[in-house]
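Novice: Contents of protein_23.pdb (PDB, C-alpha atoms) are given next:
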```
ATOM      1  CA  MET B   1     -39.612 -11.381  21.937  1.00  0.00           C
ATOM      2  CA  SER B   2     -36.328 -10.079  23.308  1.00  0.00           C
ATOM      3  CA  VAL B   3     -33.984 -12.157  25.474  1.00  0.00           C
ATOM      4  CA  TRP B   4     -31.529 -10.593  27.924  1.00  0.00           C
ATOM      5  CA  CYS B   5     -29.004 -12.755  29.755  1.00  0.00           C
ATOM      6  CA  ASN B   6     -26.722 -12.102  32.732  1.00  0.00           C
ATOM      7  CA  HIS B   7     -25.136 -15.597  32.502  1.00  0.00           C
ATOM      8  CA  ASP B   8     -27.249 -16.818  35.399  1.00  0.00           C
ATOM      9  CA  LYS B   9     -30.794 -15.783  34.530  1.00  0.00           C
ATOM     10  CA  ASP B  10     -32.616 -15.188  31.248  1.00  0.00           C
ATOM     11  CA  ILE B  11     -35.071 -12.308  31.079  1.00  0.00           C
ATOM     12  CA  LEU B  12     -37.614 -12.711  28.276  1.00  0.00           C
ATOM     13  CA  GLU B  13     -39.767  -9.765  27.224  1.00  0.00           C
ATOM     14  CA  VAL B  14     -42.713 -10.729  25.039  1.00  0.00           C
ATOM     15  CA  ARG B  15     -44.900  -8.143  23.332  1.00  0.00           C
ATOM     16  CA  CYS B  16     -48.037  -8.756  21.280  1.00  0.00           C
ATOM     17  CA  GLU B  17     -51.027  -6.517  20.575  1.00  0.00           C
ATOM     18  CA  ASP B  18     -53.389  -9.408  19.713  1.00  0.00           C
ATOM     19  CA  ARG B  19     -54.787 -10.545  23.066  1.00  0.00           C
ATOM     20  CA  ALA B  20     -55.612 -14.110  21.937  1.00  0.00           C
ATOM     21  CA  VAL B  21     -52.174 -14.653  20.398  1.00  0.00           C
ATOM     22  CA  PHE B  22     -50.600 -13.021  23.439  1.00  0.00           C
ATOM     23  CA  GLN B  23     -52.281 -15.511  25.783  1.00  0.00           C
ATOM     24  CA  ARG B  24     -51.236 -18.514  23.645  1.00  0.00           C
ATOM     25  CA  CYS B  25     -47.665 -17.180  23.581  1.00  0.00           C
ATOM     26  CA  ARG B  26     -47.628 -16.877  27.338  1.00  0.00           C
ATOM     27  CA  GLU B  27     -48.834 -20.465  27.797  1.00  0.00           C
ATOM     28  CA  ASP B  28     -46.396 -21.852  25.195  1.00  0.00           C
ATOM     29  CA  ILE B  29     -43.415 -20.169  26.844  1.00  0.00           C
ATOM     30  CA  ILE B  30     -44.367 -21.578  30.241  1.00  0.00           C
ATOM     31  CA  ASN B  31     -44.640 -25.079  28.728  1.00  0.00           C
ATOM     32  CA  LEU B  32     -41.366 -24.680  26.803  1.00  0.00           C
ATOM     33  CA  CYS B  33     -39.503 -23.663  29.948  1.00  0.00           C
ATOM     34  CA  ILE B  34     -40.781 -26.806  31.675  1.00  0.00           C
ATOM     35  CA  VAL B  35     -39.819 -29.071  28.742  1.00  0.00           C
ATOM     36  CA  ILE B  36     -36.249 -27.777  28.446  1.00  0.00           C
ATOM     37  CA  GLY B  37     -35.772 -27.866  32.199  1.00  0.00           C
ATOM     38  CA  THR B  38     -35.455 -24.139  32.926  1.00  0.00           C
ATOM     39  CA  PRO B  39     -38.525 -23.406  35.039  1.00  0.00           C
ATOM     40  CA  VAL B  40     -39.883 -19.907  35.345  1.00  0.00           C
ATOM     41  CA  ILE B  41     -38.655 -18.139  38.457  1.00  0.00           C
ATOM     42  CA  ARG B  42     -41.201 -15.332  38.338  1.00  0.00           C
ATOM     43  CA  TYR B  43     -43.181 -12.957  36.162  1.00  0.00           C
ATOM     44  CA  ALA B  44     -42.853  -9.198  36.206  1.00  0.00           C
ATOM     45  CA  LEU B  45     -44.180  -6.097  34.439  1.00  0.00           C
ATOM     46  CA  GLU B  46     -47.231  -7.875  33.058  1.00  0.00           C
ATOM     47  CA  SER B  47     -49.757  -5.791  31.118  1.00  0.00           C
ATOM     48  CA  GLU B  48     -52.316  -6.396  28.366  1.00  0.00           C
ATOM     49  CA  SER B  49     -49.639  -6.577  25.659  1.00  0.00           C
ATOM     50  CA  THR B  50     -46.324  -7.227  27.425  1.00  0.00           C
ATOM     51  CA  PHE B  51     -44.997  -9.687  29.964  1.00  0.00           C
ATOM     52  CA  VAL B  52     -41.546 -10.434  31.311  1.00  0.00           C
ATOM     53  CA  VAL B  53     -40.369 -13.892  32.341  1.00  0.00           C
ATOM     54  CA  VAL B  54     -37.328 -14.520  34.546  1.00  0.00           C
ATOM     55  CA  LYS B  55     -35.940 -18.047  34.220  1.00  0.00           C
ATOM     56  CA  HIS B  56     -32.722 -19.959  34.713  1.00  0.00           C
ATOM     57  CA  CYS B  57     -30.205 -19.296  31.934  1.00  0.00           C
ATOM     58  CA  SER B  58     -30.112 -21.664  28.970  1.00  0.00           C
ATOM     59  CA  CYS B  59     -28.237 -19.394  26.551  1.00  0.00           C
ATOM     60  CA  TYR B  60     -24.828 -21.057  26.729  1.00  0.00           C
ATOM     61  CA  TYR B  61     -25.759 -24.728  26.411  1.00  0.00           C
ATOM     62  CA  GLN B  62     -23.479 -26.762  24.157  1.00  0.00           C
ATOM     63  CA  GLY B  63     -24.215 -25.990  20.510  1.00  0.00           C
ATOM     64  CA  SER B  64     -26.073 -22.715  21.122  1.00  0.00           C
ATOM     65  CA  ILE B  65     -25.419 -19.589  19.059  1.00  0.00           C
ATOM     66  CA  LEU B  66     -24.089 -17.711  22.078  1.00  0.00           C
ATOM     67  CA  GLN B  67     -21.742 -20.567  22.881  1.00  0.00           C
ATOM     68  CA  ALA B  68     -20.488 -20.480  19.268  1.00  0.00           C
ATOM     69  CA  LEU B  69     -19.925 -16.715  19.539  1.00  0.00           C
ATOM     70  CA  SER B  70     -17.932 -17.241  22.719  1.00  0.00           C
ATOM     71  CA  ASP B  71     -15.895 -20.039  21.134  1.00  0.00           C
ATOM     72  CA  HIS B  72     -14.892 -17.735  18.250  1.00  0.00           C
ATOM     73  CA  ASN B  73     -13.933 -14.694  20.360  1.00  0.00           C
ATOM     74  CA  LEU B  74     -16.958 -12.673  19.265  1.00  0.00           C
ATOM     75  CA  LEU B  75     -18.982 -10.329  21.451  1.00  0.00           C
ATOM     76  CA  TYR B  76     -22.754 -10.073  21.173  1.00  0.00           C
ATOM     77  CA  VAL B  77     -24.667  -6.941  22.148  1.00  0.00           C
ATOM     78  CA  PRO B  78     -27.921  -7.926  23.916  1.00  0.00           C
ATOM     79  CA  PRO B  79     -30.754  -8.445  23.587  1.00  0.00           C
ATOM     80  CA  VAL B  80     -31.306 -11.317  21.167  1.00  0.00           C
ATOM     81  CA  SER B  81     -34.473 -10.434  19.277  1.00  0.00           C
ATOM     82  CA  HIS B  82     -36.943 -13.041  17.999  1.00  0.00           C
ATOM     83  CA  ARG B  83     -39.250 -11.988  15.163  1.00  0.00           C
ATOM     84  CA  GLU B  84     -41.198 -14.063  12.632  1.00  0.00           C
ATOM     85  CA  GLY B  85     -39.178 -17.216  13.227  1.00  0.00           C
ATOM     86  CA  TRP B  86     -35.747 -15.525  13.053  1.00  0.00           C
ATOM     87  CA  GLU B  87     -33.252 -14.776  15.814  1.00  0.00           C
ATOM     88  CA  HIS B  88     -31.471 -11.425  15.424  1.00  0.00           C
ATOM     89  CA  TYR B  89     -28.019 -10.845  16.938  1.00  0.00           C
ATOM     90  CA  ARG B  90     -25.764  -7.796  17.057  1.00  0.00           C
ATOM     91  CA  ILE B  91     -22.162  -9.028  17.012  1.00  0.00           C
ATOM     92  CA  ILE B  92     -18.802  -7.340  17.462  1.00  0.00           C
ATOM     93  CA  GLY B  93     -15.753  -9.123  16.024  1.00  0.00           C
ATOM     94  CA  PHE B  94     -12.088  -8.369  16.537  1.00  0.00           C
ATOM     95  CA  GLY B  95     -10.756 -10.045  13.419  1.00  0.00           C
ATOM     96  CA  ALA B  96     -12.171 -11.142  10.062  1.00  0.00           C
ATOM     97  CA  LYS B  97     -11.005 -14.743  10.559  1.00  0.00           C
ATOM     98  CA  ASP B  98     -13.011 -15.090  13.788  1.00  0.00           C
ATOM     99  CA  SER B  99     -16.208 -14.011  12.038  1.00  0.00           C
ATOM    100  CA  GLN B 100     -15.548 -16.277   9.054  1.00  0.00           C
ATOM    101  CA  ARG B 101     -14.943 -19.309  11.281  1.00  0.00           C
ATOM    102  CA  PHE B 102     -18.087 -18.524  13.264  1.00  0.00           C
ATOM    103  CA  PHE B 103     -20.322 -18.491  10.187  1.00  0.00           C
ATOM    104  CA  ARG B 104     -18.665 -21.622   8.803  1.00  0.00           C
ATOM    105  CA  SER B 105     -19.382 -23.410  12.086  1.00  0.00           C
ATOM    106  CA  LEU B 106     -23.111 -22.650  11.690  1.00  0.00           C
ATOM    107  CA  LYS B 107     -23.520 -23.987   8.144  1.00  0.00           C
ATOM    108  CA  SER B 108     -24.649 -27.443   9.260  1.00  0.00           C
ATOM    109  CA  LYS B 109     -26.773 -26.111  12.137  1.00  0.00           C
ATOM    110  CA  ALA B 110     -28.671 -23.032  10.996  1.00  0.00           C
ATOM    111  CA  VAL B 111     -29.661 -20.760   8.142  1.00  0.00           C
ATOM    112  CA  THR B 112     -27.894 -17.419   8.528  1.00  0.00           C
ATOM    113  CA  GLU B 113     -28.200 -14.048   6.844  1.00  0.00           C
ATOM    114  CA  ILE B 114     -26.057 -10.959   7.425  1.00  0.00           C
ATOM    115  CA  LEU B 115     -28.380  -7.931   7.441  1.00  0.00           C
ATOM    116  CA  SER B 116     -25.695  -5.302   8.001  1.00  0.00           C
ATOM    117  CA  LYS B 117     -21.916  -5.257   8.267  1.00  0.00           C
ATOM    118  CA  ARG B 118     -19.462  -2.425   8.782  1.00  0.00           C
ATOM    119  CA  VAL B 119     -15.913  -1.817   9.902  1.00  0.00           C
ATOM    120  CA  ALA B 120     -15.607  -0.441  13.434  1.00  0.00           C
ATOM    121  CA  THR B 121     -13.810   2.891  13.215  1.00  0.00           C
ATOM    122  CA  ARG B 122     -14.484   4.236  16.702  1.00  0.00           C
ATOM    123  CA  SER B 123     -11.966   4.133  19.497  1.00  0.00           C
ATOM    124  CA  SER B 124     -13.892   2.012  22.001  1.00  0.00           C
ATOM    125  CA  ILE B 125     -16.355  -0.875  21.934  1.00  0.00           C
ATOM    126  CA  THR B 126     -18.442   1.055  24.458  1.00  0.00           C
ATOM    127  CA  ASP B 127     -19.514   3.151  21.445  1.00  0.00           C
ATOM    128  CA  TYR B 128     -21.450   0.123  20.225  1.00  0.00           C
ATOM    129  CA  SER B 129     -23.234  -0.751  23.444  1.00  0.00           C
ATOM    130  CA  ALA B 130     -27.005  -0.847  23.521  1.00  0.00           C
ATOM    131  CA  VAL B 131     -28.824   2.433  24.087  1.00  0.00           C
ATOM    132  CA  SER B 132     -32.269   2.283  25.640  1.00  0.00           C
ATOM    133  CA  LEU B 133     -34.928   3.299  23.130  1.00  0.00           C
ATOM    134  CA  GLY B 134     -37.353   3.406  26.013  1.00  0.00           C
ATOM    135  CA  SER B 135     -35.385   6.222  27.628  1.00  0.00           C
ATOM    136  CA  PHE B 136     -35.701   8.250  24.415  1.00  0.00           C
ATOM    137  CA  LEU B 137     -39.312   7.521  23.559  1.00  0.00           C
ATOM    138  CA  ALA B 138     -41.102   6.953  26.853  1.00  0.00           C
ATOM    139  CA  ASP B 139     -42.096  10.590  27.424  1.00  0.00           C
ATOM    140  CA  LEU B 140     -42.767  11.513  23.786  1.00  0.00           C
ATOM    141  CA  THR B 141     -46.340  11.749  22.544  1.00  0.00           C
ATOM    142  CA  LYS B 142     -47.306  10.324  19.152  1.00  0.00           C
ATOM    143  CA  LYS B 143     -47.690  13.837  17.702  1.00  0.00           C
ATOM    144  CA  GLN B 144     -44.253  14.881  18.995  1.00  0.00           C
ATOM    145  CA  ILE B 145     -42.632  11.804  17.414  1.00  0.00           C
ATOM    146  CA  GLN B 146     -44.406  12.413  14.104  1.00  0.00           C
ATOM    147  CA  ALA B 147     -43.424  16.090  14.033  1.00  0.00           C
ATOM    148  CA  PHE B 148     -39.791  15.353  14.896  1.00  0.00           C
ATOM    149  CA  LEU B 149     -39.474  12.602  12.268  1.00  0.00           C
ATOM    150  CA  MET B 150     -41.086  14.825   9.651  1.00  0.00           C
ATOM    151  CA  ALA B 151     -38.574  17.594  10.368  1.00  0.00           C
ATOM    152  CA  LEU B 152     -35.703  15.110  10.303  1.00  0.00           C
ATOM    153  CA  GLU B 153     -36.724  13.465   7.026  1.00  0.00           C
ATOM    154  CA  LEU B 154     -37.331  16.773   5.236  1.00  0.00           C
ATOM    155  CA  GLY B 155     -33.880  18.129   6.060  1.00  0.00           C
ATOM    156  CA  TYR B 156     -34.599  20.569   8.872  1.00  0.00           C
ATOM    157  CA  TYR B 157     -31.590  19.279  10.853  1.00  0.00           C
ATOM    158  CA  GLU B 158     -29.155  19.281   7.938  1.00  0.00           C
ATOM    159  CA  LEU B 159     -26.455  21.929   7.535  1.00  0.00           C
ATOM    160  CA  PRO B 160     -27.443  24.020   5.708  1.00  0.00           C
ATOM    161  CA  LYS B 161     -31.139  23.408   6.384  1.00  0.00           C
ATOM    162  CA  ARG B 162     -33.174  22.215   3.407  1.00  0.00           C
ATOM    163  CA  THR B 163     -36.390  23.502   4.901  1.00  0.00           C
ATOM    164  CA  THR B 164     -37.901  25.451   7.788  1.00  0.00           C
ATOM    165  CA  LEU B 165     -40.538  24.523  10.326  1.00  0.00           C
ATOM    166  CA  ASP B 166     -42.814  27.122   8.762  1.00  0.00           C
ATOM    167  CA  GLN B 167     -42.521  25.461   5.346  1.00  0.00           C
ATOM    168  CA  ILE B 168     -43.164  21.980   6.737  1.00  0.00           C
ATOM    169  CA  ALA B 169     -46.203  23.182   8.651  1.00  0.00           C
ATOM    170  CA  ASN B 170     -47.626  24.961   5.589  1.00  0.00           C
ATOM    171  CA  VAL B 171     -47.195  21.958   3.292  1.00  0.00           C
ATOM    172  CA  ASN B 172     -48.883  19.665   5.805  1.00  0.00           C
ATOM    173  CA  ARG B 173     -51.573  22.219   6.699  1.00  0.00           C
ATOM    174  CA  ILE B 174     -50.646  22.264  10.360  1.00  0.00           C
ATOM    175  CA  PRO B 175     -50.705  25.528  12.370  1.00  0.00           C
ATOM    176  CA  ARG B 176     -47.092  26.665  12.581  1.00  0.00           C
ATOM    177  CA  SER B 177     -47.178  27.317  16.315  1.00  0.00           C
ATOM    178  CA  THR B 178     -48.637  23.855  16.994  1.00  0.00           C
ATOM    179  CA  PHE B 179     -46.082  22.089  14.789  1.00  0.00           C
ATOM    180  CA  GLU B 180     -43.158  24.020  16.261  1.00  0.00           C
ATOM    181  CA  SER B 181     -44.363  23.235  19.783  1.00  0.00           C
ATOM    182  CA  HIS B 182     -44.401  19.511  19.030  1.00  0.00           C
ATOM    183  CA  VAL B 183     -40.897  19.640  17.508  1.00  0.00           C
ATOM    184  CA  ARG B 184     -39.398  21.689  20.352  1.00  0.00           C
ATOM    185  CA  LYS B 185     -40.871  19.437  23.029  1.00  0.00           C
ATOM    186  CA  ALA B 186     -39.567  16.362  21.206  1.00  0.00           C
ATOM    187  CA  GLU B 187     -36.098  17.933  20.909  1.00  0.00           C
ATOM    188  CA  SER B 188     -36.033  18.798  24.599  1.00  0.00           C
ATOM    189  CA  LYS B 189     -37.068  15.308  25.725  1.00  0.00           C
ATOM    190  CA  ILE B 190     -34.610  13.572  23.389  1.00  0.00           C
ATOM    191  CA  MET B 191     -31.722  15.796  24.502  1.00  0.00           C
ATOM    192  CA  GLN B 192     -32.555  15.212  28.168  1.00  0.00           C
ATOM    193  CA  ALA B 193     -32.574  11.436  27.550  1.00  0.00           C
ATOM    194  CA  LEU B 194     -29.343  11.576  25.532  1.00  0.00           C
ATOM    195  CA  GLY B 195     -27.444  13.565  28.167  1.00  0.00           C
ATOM    196  CA  PRO B 196     -26.560  10.656  30.504  1.00  0.00           C
ATOM    197  CA  TYR B 197     -25.115   8.636  27.592  1.00  0.00           C
ATOM    198  CA  VAL B 198     -22.940  11.576  26.530  1.00  0.00           C
ATOM    199  CA  LYS B 199     -21.685  11.989  30.108  1.00  0.00           C
ATOM    200  CA  MET B 200     -20.999   8.257  30.411  1.00  0.00           C
ATOM    201  CA  GLY B 201     -18.955   8.205  27.206  1.00  0.00           C
ATOM    202  CA  TYR B 202     -17.035  11.475  27.443  1.00  0.00           C
ATOM    203  CA  SER B 203     -16.866  12.621  31.042  1.00  0.00           C
TER     204      SER B 203
END
```
In structure tokens, what does this structure look like?

Specialist:
Amino acid sequence: MSVWCNHDKDILEVRCEDRAVFQRCREDIINLCIVIGTPVIRYALESESTFVVVKHCSCYYQGSILQALSDHNLLYVPPVSHREGWEHYRIIGFGAKDSQRFFRSLKSKAVTEILSKRVATRSSITDYSAVSLGSFLADLTKKQIQAFLMALELGYYELPKRTTLDQIANVNRIPRSTFESHVRKAESKIMQALGPYVKMGYS
């Protein structure tokens, strides 16, 4: 489940391939919204494995993680992701002391784990904004994704190249023309999707 917030409404996207679990999830979320006093405003984009709920915002109630981030001058990059009982946040800090105080404030409230940490070296925080995976992957077929990832992992895009498309196709017993077609189509679609982000950042 992913939660997006615009400080007035929460947008919850829930995905599950198991239809029975999916239905129970849907019912539980409706009941939870009623219990915590943030009734569902409407549903949207419902399919067999995904539904979206729009409800009144409850992200910044007193004692919430997002409120703690705000209190310690930290910026979170949405969405908040919920998987297997854990909430996952992407956070940008502007000073080590802010981050340290934030984690200290959570010790009595939650179990925390830092999965990744790095120093920001880029010139603008817009470089760390969320990029839509959907815009990159929506038009790609499964075979195009597999071919592109295979080429990437085997060093085709390194300088100098560690392999060629012909070599990859031969090793995997795929007709060269078919494999190259999948890779080229994937490249074209990814570049077309990437273009607007490049223009937004550097135009």

Novice: Under the PyMOL selection byres ((chain B and resi 149-164) around 12), which residues of this model are included? Write them out as a list of chain:residue names.

Specialist: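 What the PyMOL selection byres ((chain B and resi 149-164) around 12) grabs from the file is B:Lys142, B:Lys143, B:Gln144, B:Ile145, B:Gln146, B:Ala147, B:Phe148, B:Leu165, B:Asp166, B:Gln167, B:Ile168, B:Ala169, B:Asn170, B:Val171, B:Asn172, B:Arg176, B:Phe179, B:Glu180, B:His182, B:Val183, B:Arg184, B:Ala186, B:Glu187.
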
Novice: Suppose you want the space between atom CA of B:Pro78 and atom CA of B:Met191; what is it in Å?

Specialist: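 Calculated distance between atom CA of B:Pro78 and atom CA of B:Met191 is 24.0 Å.
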
Novice: Rounded to one decimal place, report the atom CA of B:Leu66-atom CA of B:Cys5 distance in Å.

Specialist: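 So the answer is 10.4 Å.
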
Novice: Tell me, in Å to one decimal, how far atom CA of B:Ile41 is from atom CA of B:Lys55.

Specialist: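 Calculated distance between atom CA of B:Ile41 and atom CA of B:Lys55 is 5.0 Å.
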
Novice: Using all atoms listed in the file, which of B:Ser81, B:Asn73, B:Thr141, B:Gln62 sits nearest B:Asp98?

Specialist: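 Closest to B:Asp98, using all atoms listed in the file: B:Asn73.
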
Novice: Measuring atom to atom with only C-alpha atoms, identify which of B:Tyr60, B:Ser70, B:Thr50, B:Trp4 is nearest to B:Gln23.

Specialist: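 Nearest candidate to B:Gln23 out of B:Tyr60, B:Ser70, B:Thr50, B:Trp4: B:Thr50.
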
Novice: For B:Arg19, find every residue with an atom within 8 Å (counting all atoms listed in the file), except residues of its own chain fewer than 3 positions away, and show them as a ChimeraX atom specification.

Specialist: /B:16,22-23,48-49
